[in-house]
Amino acid sequence: MAFRPSSIVILTGAGISAESGVATFRDKGGIWSRVRIEDVATPQAFARDPDRVHDFYNERRAGLDSVAPNAAHLALARLEQEFTGDFLLVTQNIDDLHERAGSRKLIHMHGELAKALCLHCGQRNAWRDEMDTLTPCPTCSMGGGMRPDVVWFGEMPYEMDRISNRLQAADLFVSIGTSGTVYPAAGFVEEARSAGALTVELNLEPSAGHSHFHRSETGTASMLVPAFV
Ligand code: BV8
């Protein structure tokens, strides 16, 4: 008899956006081979040299204008629309390609490039322009407190309680385009599996945690994801 899930959680990482032209982190020539995490993606780096951190994210934010969703993003949006059970897409990506493909039941657990967070008033505002240390907050007008709304190393990812509840209830967990090296996302497969979910990995190569998956398929996201959906 065919397996018919009633609750699906999908986790995506940088690999799903690679064929759209967004750089991954840990592949050959990836972002973390060009810049050090300690220099641009920690709260300490931002405290030490905010201009450097702003430059890093300003450049990546500007890059969003020249990329578009690929067949994998579109297939997940179609799955969300056609699936009648509970569906949640959790992405580690800070690009907006899932939204642009049509996904709506989506959590950006590591934040969003196209948003700014004000450290004075706590407001998260949509943000497409450059940002610097003098940029005033559109909500409270205070300067000096604006930062990219991204989750840096050592910070708590967004909506962990909601994600955990959905992992506990999932009967299918699918991980797409992630190296499985950054926690807590890297632990989702074990959480879902111990709660009874079928676990599937779709990645260019077996990830760090591939042995935790019931099924692991290798290939490009634009081929594997539409076929899987
Ligand atoms: C936290 C956002 C708790 C901004 C990112 C030891 C010391 C210190 C810390 C730790 C430690 N051990 C664990 C930690 C915690 C740490 C961590 O996991 N570190 C690792 C590196 C060891 N995690 C954290 O700090 C997290 N927070 O734990 O909070 C806490 C508790 C109390 C109080 C406070 C806090 C926060 C982590 C968030 C970090 N933010 N970035 C930005 O993007 O600039 S992480 C960064 O990695 C990105 O967000 C990225 O999404 C994420 C995951 O990477 P991937 O998406 O997997 O990308 P990667 O390049 O690695 O892999 C791509 C894959 O795609 C490859 O496998 C490749 O084969 C595949 N691929 C390529 N092309 C294709 C493809 N697949 C299919 N098709 C293709 N075409």
# chains A, B, ... in the order shown; residues from 1 in each chain; ligands from 1
>>> residues_near_ligand(ligand="ligand 1", cutoff="7 Å", atoms="only C-alpha atoms and all ligand atoms", output="ChimeraX atom specification")
/A:12-16,18-19,24-27,30,41,92-94,110-111,150-157,176-184,202-205,207,219-222
>>> residues_around(residues="A:Val225", least_positions_apart="4", cutoff="7 Å", atoms="only C-alpha atoms", output="list in words")
Ala72, Ala75, Ala221 and Val229 of chain A
>>> write_last_selection(atoms="C-alpha atoms", output="short mmCIF file (atom, residue, chain, number, x, y, z; two decimals), in the first residue's frame")
data_model
loop_
_atom_site.label_atom_id
_atom_site.label_comp_id
_atom_site.auth_asym_id
_atom_site.auth_seq_id
_atom_site.Cartn_x
_atom_site.Cartn_y
_atom_site.Cartn_z
CA ALA A 72 13.17 22.67 -6.77
CA ALA A 75 8.11 21.95 -6.77
CA ALA A 221 17.93 19.57 -6.23
CA VAL A 229 7.22 15.69 -5.13
#
>>> select_by_dssp(residues="stretch 10-123 of chain A", states="helix (DSSP H, G or I)", output="MDAnalysis selection string")
chainID A and resid 15:18 31:34 37:40 43:48 50:66 71:82 97:101
>>> write_last_selection(atoms="C-alpha atoms", output="mmCIF file, in the first residue's frame")
data_model
loop_
_atom_site.group_PDB
_atom_site.id
_atom_site.type_symbol
_atom_site.label_atom_id
_atom_site.label_comp_id
_atom_site.auth_asym_id
_atom_site.auth_seq_id
_atom_site.Cartn_x
_atom_site.Cartn_y
_atom_site.Cartn_z
ATOM 1 C CA GLY A 15 22.094 23.528 -1.919
ATOM 2 C CA ILE A 16 18.502 24.176 -3.028
ATOM 3 C CA SER A 17 19.461 27.697 -4.145
ATOM 4 C CA ALA A 18 22.804 26.721 -5.714
ATOM 5 C CA ILE A 31 31.276 31.585 1.189
ATOM 6 C CA TRP A 32 33.164 30.230 4.209
ATOM 7 C CA SER A 33 36.229 29.528 2.084
ATOM 8 C CA ARG A 34 36.406 33.226 1.190
ATOM 9 C CA ILE A 37 32.703 33.005 10.104
ATOM 10 C CA GLU A 38 34.379 34.766 13.061
ATOM 11 C CA ASP A 39 34.776 37.939 10.972
ATOM 12 C CA VAL A 40 31.231 38.315 9.629
ATOM 13 C CA PRO A 43 27.555 38.960 17.336
ATOM 14 C CA GLN A 44 31.178 39.554 18.371
ATOM 15 C CA ALA A 45 32.184 40.315 14.767
ATOM 16 C CA PHE A 46 29.349 42.840 14.509
ATOM 17 C CA ALA A 47 30.362 44.517 17.790
ATOM 18 C CA ARG A 48 34.006 44.677 16.662
ATOM 19 C CA PRO A 50 29.954 46.583 12.070
ATOM 20 C CA ASP A 51 30.987 48.154 8.733
ATOM 21 C CA ARG A 52 32.650 44.928 7.619
ATOM 22 C CA VAL A 53 29.573 42.894 8.582
ATOM 23 C CA HIS A 54 27.215 45.369 6.871
ATOM 24 C CA ASP A 55 29.338 45.218 3.686
ATOM 25 C CA PHE A 56 29.144 41.397 3.686
ATOM 26 C CA TYR A 57 25.335 41.362 3.961
ATOM 27 C CA ASN A 58 24.774 44.432 1.724
ATOM 28 C CA GLU A 59 26.540 42.588 -1.072
ATOM 29 C CA ARG A 60 24.555 39.385 -0.564
ATOM 30 C CA ARG A 61 21.271 41.353 -0.305
ATOM 31 C CA ALA A 62 22.013 43.142 -3.608
ATOM 32 C CA GLY A 63 22.648 39.727 -5.184
ATOM 33 C CA LEU A 64 19.006 38.736 -4.569
ATOM 34 C CA ASP A 65 17.960 40.970 -7.472
ATOM 35 C CA SER A 66 19.781 38.845 -10.025
ATOM 36 C CA ALA A 71 12.560 23.916 -10.329
ATOM 37 C CA ALA A 72 13.167 22.671 -6.771
ATOM 38 C CA HIS A 73 11.711 25.797 -5.115
ATOM 39 C CA LEU A 74 8.724 25.649 -7.490
ATOM 40 C CA ALA A 75 8.111 21.955 -6.773
ATOM 41 C CA LEU A 76 7.989 22.584 -2.989
ATOM 42 C CA ALA A 77 5.518 25.440 -3.484
ATOM 43 C CA ARG A 78 3.332 23.109 -5.563
ATOM 44 C CA LEU A 79 3.561 20.406 -2.887
ATOM 45 C CA GLU A 80 2.385 22.899 -0.242
ATOM 46 C CA GLN A 81 -0.578 23.911 -2.413
ATOM 47 C CA GLU A 82 -1.662 20.371 -3.288
ATOM 48 C CA LEU A 97 13.547 32.246 -3.283
ATOM 49 C CA HIS A 98 10.988 30.015 -1.527
ATOM 50 C CA GLU A 99 8.571 32.941 -1.153
ATOM 51 C CA ARG A 100 9.154 34.011 -4.728
ATOM 52 C CA ALA A 101 8.327 30.457 -5.839
#
>>> residues_around(residues="A:Thr199", least_positions_apart="6", cutoff="7 Å", atoms="only C-alpha atoms", output="JSON, numbers by chain")
{"A": [172, 173, 174, 189, 193, 213, 214, 215]}
>>> write_last_selection(atoms="N, CA and C atoms", output="PDB file, in the first residue's frame")
ATOM      1  N   LEU A 172       6.608  12.421   7.819  1.00  0.00           N
ATOM      2  CA  LEU A 172       7.619  12.463   6.754  1.00  0.00           C
ATOM      3  C   LEU A 172       8.504  13.688   6.967  1.00  0.00           C
ATOM      4  N   PHE A 173       9.810  13.458   7.007  1.00  0.00           N
ATOM      5  CA  PHE A 173      10.783  14.552   7.125  1.00  0.00           C
ATOM      6  C   PHE A 173      11.722  14.454   5.931  1.00  0.00           C
ATOM      7  N   VAL A 174      11.855  15.562   5.192  1.00  0.00           N
ATOM      8  CA  VAL A 174      12.718  15.561   4.005  1.00  0.00           C
ATOM      9  C   VAL A 174      13.736  16.688   4.128  1.00  0.00           C
ATOM     10  N   VAL A 189      16.761  15.632  11.888  1.00  0.00           N
ATOM     11  CA  VAL A 189      16.482  14.291  11.368  1.00  0.00           C
ATOM     12  C   VAL A 189      16.326  13.284  12.505  1.00  0.00           C
ATOM     13  N   ARG A 193      12.931  11.331  13.342  1.00  0.00           N
ATOM     14  CA  ARG A 193      12.988   9.878  13.230  1.00  0.00           C
ATOM     15  C   ARG A 193      12.602   9.216  14.545  1.00  0.00           C
ATOM     16  N   PHE A 213      19.248   8.955   8.017  1.00  0.00           N
ATOM     17  CA  PHE A 213      18.077   8.956   7.134  1.00  0.00           C
ATOM     18  C   PHE A 213      17.722   7.532   6.700  1.00  0.00           C
ATOM     19  N   HIS A 214      16.414   7.269   6.583  1.00  0.00           N
ATOM     20  CA  HIS A 214      15.991   5.980   6.037  1.00  0.00           C
ATOM     21  C   HIS A 214      16.413   5.860   4.582  1.00  0.00           C
ATOM     22  N   ARG A 215      16.304   6.998   3.866  1.00  0.00           N
ATOM     23  CA  ARG A 215      16.627   7.016   2.435  1.00  0.00           C
ATOM     24  C   ARG A 215      17.479   8.229   2.135  1.00  0.00           C
TER      25      ARG A 215
END
>>> closest_atom_pairs(of="stretch 114-222 of chain A", to="stretch 103-108 of chain A", cutoff="12 Å", atoms="only C-alpha atoms", output="CSV")
residue,atom,partner,partner_atom,distance
A:Ala114,CA,A:His108,CA,11.3
A:Lys115,CA,A:His108,CA,11.2
A:Asp149,CA,A:His108,CA,10.4
A:Val150,CA,A:His108,CA,9.2
A:Val151,CA,A:His108,CA,9.7
A:Pro157,CA,A:His108,CA,8.8
A:Tyr158,CA,A:His108,CA,7.2
A:Glu159,CA,A:Ile107,CA,7.5
A:Met160,CA,A:Ile107,CA,9.7
A:Asp161,CA,A:Ile107,CA,11.7
A:Arg162,CA,A:Ile107,CA,9.3
A:Ile163,CA,A:Ile107,CA,8.3
A:Arg166,CA,A:Ile107,CA,11.6
A:Ala185,CA,A:His108,CA,11.5
>>> write_last_selection(atoms="C-alpha atoms", output="JSON list (two decimals), in the first residue's frame")
[["chain", "number", "residue", "atom", "x", "y", "z"],
["A", 114, "ALA", "CA", 15.49, 41.13, 3.05],
["A", 115, "LYS", "CA", 14.76, 42.21, 6.64],
["A", 149, "ASP", "CA", 17.87, 40.17, 10.54],
["A", 150, "VAL", "CA", 19.99, 37.04, 10.36],
["A", 151, "VAL", "CA", 20.81, 34.50, 13.06],
["A", 157, "PRO", "CA", 17.48, 30.34, 15.67],
["A", 158, "TYR", "CA", 13.90, 31.56, 15.19],
["A", 159, "GLU", "CA", 10.72, 29.64, 16.10],
["A", 160, "MET", "CA", 12.44, 26.59, 17.59],
["A", 161, "ASP", "CA", 9.37, 25.63, 19.68],
["A", 162, "ARG", "CA", 7.07, 25.63, 16.66],
["A", 163, "ILE", "CA", 9.60, 23.65, 14.60],
["A", 166, "ARG", "CA", 5.99, 19.94, 14.03],
["A", 185, "ALA", "CA", 19.04, 22.10, 12.14]]
>>> residues_around(residues="A:Thr135", least_positions_apart="4", cutoff="10 Å", atoms="only C-alpha atoms", output="PyMOL selection string")
chain A and resi 130-131+141-147
>>> write_last_selection(atoms="C-alpha atoms", output="PDB file, in the first residue's frame")
ATOM      1  CA  GLU A 130      22.124  49.029   1.821  1.00  0.00           C
ATOM      2  CA  MET A 131      22.489  49.446   5.580  1.00  0.00           C
ATOM      3  CA  SER A 141      13.895  56.541  14.049  1.00  0.00           C
ATOM      4  CA  MET A 142      16.899  55.755  16.238  1.00  0.00           C
ATOM      5  CA  GLY A 143      20.244  55.412  14.457  1.00  0.00           C
ATOM      6  CA  GLY A 144      23.071  53.037  15.299  1.00  0.00           C
ATOM      7  CA  GLY A 145      20.946  49.988  16.077  1.00  0.00           C
ATOM      8  CA  MET A 146      20.152  48.481  12.711  1.00  0.00           C
ATOM      9  CA  ARG A 147      21.517  45.041  11.864  1.00  0.00           C
TER      10      ARG A 147
END
>>> select_by_dssp(residues="stretch 3-217 of chain A", states="strand (DSSP E)", output="MDAnalysis selection string")
chainID A and resid 7:12 86:91 106:108 111:118 124:126 146:150 172:176 198:203 215:217
>>> write_last_selection(atoms="N, CA and C atoms", output="short mmCIF file (atom, residue, chain, number, x, y, z; two decimals), in the first residue's frame")
data_model
loop_
_atom_site.label_atom_id
_atom_site.label_comp_id
_atom_site.auth_asym_id
_atom_site.auth_seq_id
_atom_site.Cartn_x
_atom_site.Cartn_y
_atom_site.Cartn_z
N SER A 7 1.49 14.52 7.81
CA SER A 7 2.18 15.71 8.33
C SER A 7 3.63 15.71 7.83
N ILE A 8 3.96 16.72 7.05
CA ILE A 8 5.28 16.77 6.41
C ILE A 8 6.08 17.96 6.93
N VAL A 9 7.35 17.71 7.25
CA VAL A 9 8.28 18.82 7.50
C VAL A 9 9.42 18.70 6.50
N ILE A 10 9.69 19.80 5.80
CA ILE A 10 10.81 19.85 4.84
C ILE A 10 11.85 20.81 5.41
N LEU A 11 13.12 20.40 5.36
CA LEU A 11 14.22 21.30 5.74
C LEU A 11 15.05 21.58 4.50
N THR A 12 15.30 22.86 4.22
CA THR A 12 16.18 23.16 3.08
C THR A 12 17.42 23.92 3.54
N ASP A 86 -0.88 18.50 7.17
CA ASP A 86 -0.06 19.58 7.74
C ASP A 86 1.26 19.67 6.99
N PHE A 87 1.63 20.86 6.65
CA PHE A 87 2.85 21.06 5.87
C PHE A 87 3.65 22.20 6.48
N LEU A 88 4.96 21.98 6.64
CA LEU A 88 5.83 23.08 7.09
C LEU A 88 7.16 22.99 6.36
N LEU A 89 7.56 24.10 5.79
CA LEU A 89 8.88 24.21 5.15
C LEU A 89 9.76 25.05 6.07
N VAL A 90 10.85 24.45 6.55
CA VAL A 90 11.81 25.18 7.40
C VAL A 90 13.05 25.39 6.55
N THR A 91 13.44 26.64 6.37
CA THR A 91 14.66 26.86 5.59
C THR A 91 15.73 27.51 6.45
N LEU A 106 6.12 28.66 5.78
CA LEU A 106 7.57 28.70 5.72
C LEU A 106 8.14 29.38 6.97
N ILE A 107 9.18 28.79 7.53
CA ILE A 107 9.92 29.44 8.62
C ILE A 107 11.36 29.66 8.16
N HIS A 108 11.83 30.89 8.26
CA HIS A 108 13.25 31.20 8.02
C HIS A 108 13.97 31.10 9.35
N GLY A 111 16.76 33.58 9.80
CA GLY A 111 16.45 34.95 9.46
C GLY A 111 16.38 35.18 7.96
N GLU A 112 16.32 36.47 7.59
CA GLU A 112 16.09 36.85 6.20
C GLU A 112 16.96 38.02 5.80
N LEU A 113 17.61 37.88 4.65
CA LEU A 113 18.43 38.97 4.10
C LEU A 113 17.59 40.22 3.84
N ALA A 114 16.35 40.02 3.45
CA ALA A 114 15.49 41.13 3.05
C ALA A 114 14.75 41.74 4.25
N LYS A 115 15.32 41.56 5.45
CA LYS A 115 14.76 42.21 6.64
C LYS A 115 15.88 42.80 7.47
N ALA A 116 15.53 43.86 8.23
CA ALA A 116 16.48 44.48 9.15
C ALA A 116 15.88 44.41 10.55
N LEU A 117 16.75 44.22 11.52
CA LEU A 117 16.33 44.15 12.92
C LEU A 117 16.89 45.37 13.65
N CYS A 118 16.02 46.09 14.37
CA CYS A 118 16.49 47.25 15.14
C CYS A 118 16.78 46.81 16.57
N ARG A 124 11.31 44.16 13.38
CA ARG A 124 11.91 43.58 12.16
C ARG A 124 11.18 44.20 10.97
N ASN A 125 11.92 44.96 10.16
CA ASN A 125 11.32 45.64 9.01
C ASN A 125 11.81 45.04 7.70
N ALA A 126 10.94 45.05 6.69
CA ALA A 126 11.38 44.67 5.33
C ALA A 126 12.50 45.61 4.93
N MET A 146 20.67 49.36 13.76
CA MET A 146 20.15 48.48 12.71
C MET A 146 21.16 47.39 12.36
N ARG A 147 20.67 46.16 12.26
CA ARG A 147 21.52 45.04 11.86
C ARG A 147 20.74 44.14 10.91
N PRO A 148 21.44 43.35 10.11
CA PRO A 148 20.72 42.38 9.28
C PRO A 148 19.91 41.44 10.17
N ASP A 149 18.71 41.07 9.74
CA ASP A 149 17.87 40.17 10.54
C ASP A 149 18.26 38.72 10.23
N VAL A 150 19.51 38.40 10.55
CA VAL A 150 19.99 37.04 10.36
C VAL A 150 20.47 36.49 11.70
N LEU A 172 6.61 12.42 7.82
CA LEU A 172 7.62 12.46 6.75
C LEU A 172 8.50 13.69 6.97
N PHE A 173 9.81 13.46 7.01
CA PHE A 173 10.78 14.55 7.12
C PHE A 173 11.72 14.45 5.93
N VAL A 174 11.86 15.56 5.19
CA VAL A 174 12.72 15.56 4.01
C VAL A 174 13.74 16.69 4.13
N SER A 175 15.00 16.34 4.00
CA SER A 175 16.09 17.31 4.10
C SER A 175 16.69 17.51 2.71
N ILE A 176 16.80 18.77 2.28
CA ILE A 176 17.21 19.04 0.89
C ILE A 176 18.36 20.05 0.86
N LEU A 198 9.23 8.93 8.66
CA LEU A 198 10.12 8.44 7.59
C LEU A 198 11.02 9.62 7.23
N THR A 199 12.34 9.35 7.13
CA THR A 199 13.28 10.45 6.90
C THR A 199 14.01 10.25 5.57
N VAL A 200 14.02 11.31 4.76
CA VAL A 200 14.58 11.23 3.41
C VAL A 200 15.53 12.40 3.19
N GLU A 201 16.68 12.11 2.60
CA GLU A 201 17.63 13.17 2.26
C GLU A 201 17.77 13.26 0.75
N LEU A 202 17.72 14.49 0.22
CA LEU A 202 17.96 14.74 -1.21
C LEU A 202 19.10 15.74 -1.27
N ASN A 203 20.28 15.32 -1.69
CA ASN A 203 21.46 16.19 -1.64
C ASN A 203 22.45 15.78 -2.73
N ARG A 215 16.30 7.00 3.87
CA ARG A 215 16.63 7.02 2.44
C ARG A 215 17.48 8.23 2.13
N SER A 216 18.54 8.05 1.34
CA SER A 216 19.39 9.18 0.98
C SER A 216 19.62 9.12 -0.52
N GLU A 217 19.16 10.14 -1.24
CA GLU A 217 19.31 10.17 -2.71
C GLU A 217 20.28 11.27 -3.08
#
>>> atom_distance(atom1="atom CA of A:Ala197", atom2="atom CA of A:Ala170")
5.7 Å
>>> closest_residue(among="A:Leu134, A:Asn70, A:Gly85, A:Ser20", to="A:Pro226", atoms="only C-alpha atoms")
A:Asn70
>>> atom_distance(atom1="atom CA of A:Phe83", atom2="atom CA of A:Leu167")
17.2 Å
>>> closest_residue(among="A:Ala23, A:Ala208, A:Met223, A:Ala169", to="A:Ser6", atoms="only C-alpha atoms")
A:Ala169
>>> atom_distance(atom1="atom CA of A:Leu224", atom2="atom CA of A:Pro206")
13.7 Å
